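Read the structure below first, then the notes.
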Amino acid sequence: MDSAEWYVLEDVVLRKPILRFQYATIWLNRLDWRRYAEWINPVTAALLPFMQHGPDEAWQLAVAFQRILAELYRRRLVEPEKLRFLAHFFSAYLPLTPEQKHRVQAALNERYPEEAKVLEEFITPWHEEGLAAGLAQGRQEGLARGRQEGLARGRQEGTQAVVLHLVRRRFGRVPQEVARSIRALPTRTLVALAGALLEIGSLEELRRWLKARETSEGLRHKKKPHTPVPQP
């Protein structure tokens, strides 16, 4: 802080001073942020990014800011909406790298768990970024899962079409119940049916083949009853 200076307002007609006041100039970039890290004051918290700090101290300054934020919220000194605005203001003027954000969160969890728990009660820009990252990852995983399911479904439908075509070529018109039974088969059974059509001589034999496969598939998925083991 520089020495105080006087400022005088003068009446241009009377040429007499009508107001005299004193003010002091504060150079924020000359103030050490550590001196104000424990001040539970929203104005001080907002000015922290402009105070003197080294590039390696940004994450420590962010920890101090979030501790102040948590205390302001815990004491109900500032409304949550205004605290969120304050947090956005801070993050805009002191952006952190992903590594720095990780260090901030680790420091809060390890050294200041109570403050970290309080901060979870309202959404800050850092929480929003985490949510956005989680949603993006979820979308990517959903797309990947959708592609896999789509490919599997496509393979099954393609195999169904080929098998139904072979059945029509061999037996002519395919009854609806036979077509439904074929469409209900898994891909591996459809492939087996395509090979078996070389030996199946009639629609009746095809029906028996399908019924046998339906029975075997049902038995495969049916749980075996629990049989108690007699004690010796």
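Naming works like this for the structure tokens: A, B, ... for the chains as they're shown, residue 1 at the start of each chain, ligands 1 onward in shown order.
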>> Please extract the residues of segment 167-228 of chain A with a backbone DSSP assignment of alpha helix (DSSP H) and present them as number ranges by chain.
In response: A: 167-171, 176-183, 187-196, 203-221
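Look at Trp33 of chain A: the protein and nucleic acid residues within 12 Å of it, using only C-alpha atoms and passing over chain neighbours fewer than 6 places away, are Trp39, Thr44, Ala45, Ala46, Leu47, Leu48, Pro49, Phe50, Met51, Gln52, His53, Gly54, Glu57, Ala58, Gln60, Leu61, Ala62, Val63, Ala64 and Phe65 of chain A.
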Keeping C-alpha atoms for every residue in the selection just given, could you write it to a file as a compact mmCIF listing (two decimals), in the first residue's frame?
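Once everything was written out, this is again.txt:
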```txt
# COMPACT_ATOMS: atom_id res chain seq x y z
CA TRP A 39 -9.67 -14.10 6.27
CA THR A 44 -10.84 -10.90 0.25
CA ALA A 45 -11.57 -14.29 -1.30
CA ALA A 46 -12.47 -12.68 -4.63
CA LEU A 47 -9.22 -10.69 -4.66
CA LEU A 48 -6.93 -13.63 -3.89
CA PRO A 49 -6.22 -14.46 -7.58
CA PHE A 50 -4.82 -10.96 -8.10
CA MET A 51 -2.41 -11.12 -5.18
CA GLN A 52 1.24 -12.00 -5.48
CA HIS A 53 1.80 -15.72 -6.03
CA GLY A 54 4.17 -17.92 -7.97
CA GLU A 57 1.43 -21.72 -5.72
CA ALA A 58 -1.76 -21.47 -7.75
CA GLN A 60 -2.33 -23.77 -2.83
CA LEU A 61 -4.11 -20.47 -3.35
CA ALA A 62 -7.10 -22.39 -4.70
CA VAL A 63 -7.12 -24.58 -1.59
CA ALA A 64 -7.17 -21.45 0.60
CA PHE A 65 -10.01 -19.99 -1.47
```
>> Quick one: residues within 12 Å of Lys211 of chain A, only C-alpha atoms, excluding same-chain residues fewer than 6 positions away - as a PyMOL selection string?
In response: chain A and resi 177-178+181-182+184-185+204-205+217-218
>> Can you tell me which residues surround Leu77 of chain A at a distance of at most 9 Å, considering only C-alpha atoms, apart from same-chain residues fewer than 5 positions away, and format the answer as a ChimeraX atom specification?
In response: /A:41-42,71-72
Take the residues from that selection and write them out as a compact mmCIF listing (two decimals), in the first residue's frame, keeping N, CA, C and O atoms.
```txt
# COMPACT_ATOMS: atom_id res chain seq x y z
N ASN A 41 -13.79 -13.66 4.45
CA ASN A 41 -14.42 -12.47 3.89
C ASN A 41 -14.59 -12.68 2.39
O ASN A 41 -13.62 -13.02 1.70
N PRO A 42 -15.78 -12.49 1.84
CA PRO A 42 -15.99 -12.74 0.40
C PRO A 42 -15.18 -11.82 -0.50
O PRO A 42 -14.73 -12.23 -1.57
N GLU A 71 -16.17 -22.06 4.66
CA GLU A 71 -16.48 -21.42 5.93
C GLU A 71 -17.58 -20.38 5.78
O GLU A 71 -18.46 -20.25 6.65
N LEU A 72 -17.57 -19.65 4.67
CA LEU A 72 -18.65 -18.69 4.42
C LEU A 72 -19.99 -19.41 4.31
O LEU A 72 -21.02 -18.92 4.79
```
